[in-house]
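Note sheet for the following structure.
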Amino acid sequence: MFALRDEEAALDAVQDAMAKLCARYADRPQQEWPMLFQRILQNVIRDALRRRKVRDTWVVLWSKLGLGGEERREDAPDPLDALVAADARNEHEAPHRRAEQAQVLAILEREIARLPPRQREAFLMRYWEELDTAETAAAMGCSEGSVKTHCSRATRSLADALRARGIEP
């Protein structure tokens, strides 16, 4: 049903699900544990896939801006394949490209600043600081569901704002 496609991520998901099962349902009868574990594991995997999808969207945008910041994934295209050949090999460092990148970055920063405070806080913690839902919820003093709602609304608002300015996230 769900595929993390990464052994370490899968093992992390199983470990997280087991920890949640133990923390929340230790008092339940043993017969209920397999069903509870299955549901918890599905939710952990869904969260990981959602987080990866949103993070990948923003990493691509930031990498287009030359911000980098994150390690390259194994399945990501080789950046050397994107270089312009021959005389234009430094075209990505040309003044007009740097100016475009600076403009897009400024727009992105302004749009993040325009988000409602809770959405901005949740977005930055989840996708910039890479905190998980539980850590973000604890830091914000709210439920995990609220964190997910704030993040979803923030990413939708940012994507809409960028598209309105002709920038594809």
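Residues in the structure tokens are numbered from 1 in each chain, the chains being A, B, ... in the order shown, and ligands are numbered from 1 in the order shown.
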
**Request:** For Ser157 of chain A, please output as an MDAnalysis selection string all residues within 10 Å (counting only C-alpha atoms; exclusion window: fewer than 5 positions along the same chain).
**Result:** chainID A and resid 111:112 114:115 119 151:152 162:163

Export, as a tab-separated table (two decimals), in the first residue's frame, the selected residues with N, CA, C and O atoms.
chain	number	residue	atom	x	y	z
A	111	GLU	N	6.51	36.10	1.21
A	111	GLU	CA	5.31	35.27	1.31
A	111	GLU	C	5.32	34.44	2.59
A	111	GLU	O	4.27	34.26	3.21
A	112	ILE	N	6.47	33.95	3.01
A	112	ILE	CA	6.55	33.23	4.29
A	112	ILE	C	6.22	34.19	5.43
A	112	ILE	O	5.48	33.83	6.36
A	114	ARG	N	4.26	36.66	5.33
A	114	ARG	CA	2.82	37.00	5.27
A	114	ARG	C	1.92	35.90	5.82
A	114	ARG	O	0.74	36.12	6.05
A	115	LEU	N	2.47	34.71	5.98
A	115	LEU	CA	1.65	33.63	6.52
A	115	LEU	C	1.20	33.99	7.93
A	115	LEU	O	1.92	34.68	8.66
A	119	GLN	N	0.88	29.23	11.13
A	119	GLN	CA	1.24	28.52	9.90
A	119	GLN	C	2.72	28.68	9.61
A	119	GLN	O	3.40	27.73	9.26
A	151	CYS	N	0.55	23.27	8.54
A	151	CYS	CA	1.52	23.02	7.46
A	151	CYS	C	0.84	22.91	6.11
A	151	CYS	O	1.33	23.46	5.12
A	152	SER	N	-0.26	22.22	6.07
A	152	SER	CA	-0.99	22.06	4.82
A	152	SER	C	-1.46	23.42	4.29
A	152	SER	O	-1.29	23.73	3.11
A	162	LEU	N	3.17	31.96	-5.02
A	162	LEU	CA	4.25	31.90	-6.00
A	162	LEU	C	3.70	31.74	-7.42
A	162	LEU	O	4.20	32.36	-8.35
A	163	ARG	N	2.69	30.88	-7.58
A	163	ARG	CA	2.09	30.70	-8.91
A	163	ARG	C	1.47	32.01	-9.40
A	163	ARG	O	1.54	32.32	-10.59

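A straight line drawn from atom CA of Ala10 of chain A to atom CA of Ala154 of chain A is 27.3 Å long.
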
**Request:** Report the distance between atom CA of Arg46 of chain A and atom CA of Met125 of chain A in Å, rounded to one decimal place.
**Result:** 18.7 Å

**Request:** Would you please work out which residue, of A:Trp58, A:Leu105, A:Ala164, A:His150, is nearest to Glu121 of chain A when using only C-alpha atoms?
**Result:**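 The shortest atom-to-atom distance to Glu121 of chain A comes from A:His150.
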
**Request:** Quick one: pull the distance between atom CA of Glu130 of chain A and atom CA of Arg55 of chain A, Å, one decimal.
**Result:**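 Distance reported for this atom pair: 8.8 Å.
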
**Asked** Using only C-alpha atoms, which of A:Arg165, A:Ile45, A:Arg153, A:Arg24 sits nearest Pro117 of chain A?
**Response**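 Checking each candidate against Pro117 of chain A, we get A:Arg153 as the closest.
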
**Residues near Gln42 of chain A, cut-off 12 Å, only C-alpha atoms, skip fewer than 3 positions along chain, as an MDAnalysis selection string** = chainID A and resid 1:4 10 13:14 16:18 35:39 45:49

**Message:** So, with only C-alpha atoms as the atoms that count, which of A:Leu11, A:Leu131, A:Val104, A:Val147 lies closest to Arg118 of chain A?
**Reply:**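 Once distances to Arg118 of chain A are computed over only C-alpha atoms, the minimum belongs to A:Val147.
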
**Item:** Within 9 Å of Ala134 of chain A using only C-alpha atoms, minus same-chain residues under 2 positions, as a ChimeraX atom specification
**Value:** /A:131-132,136-139,143-144,147
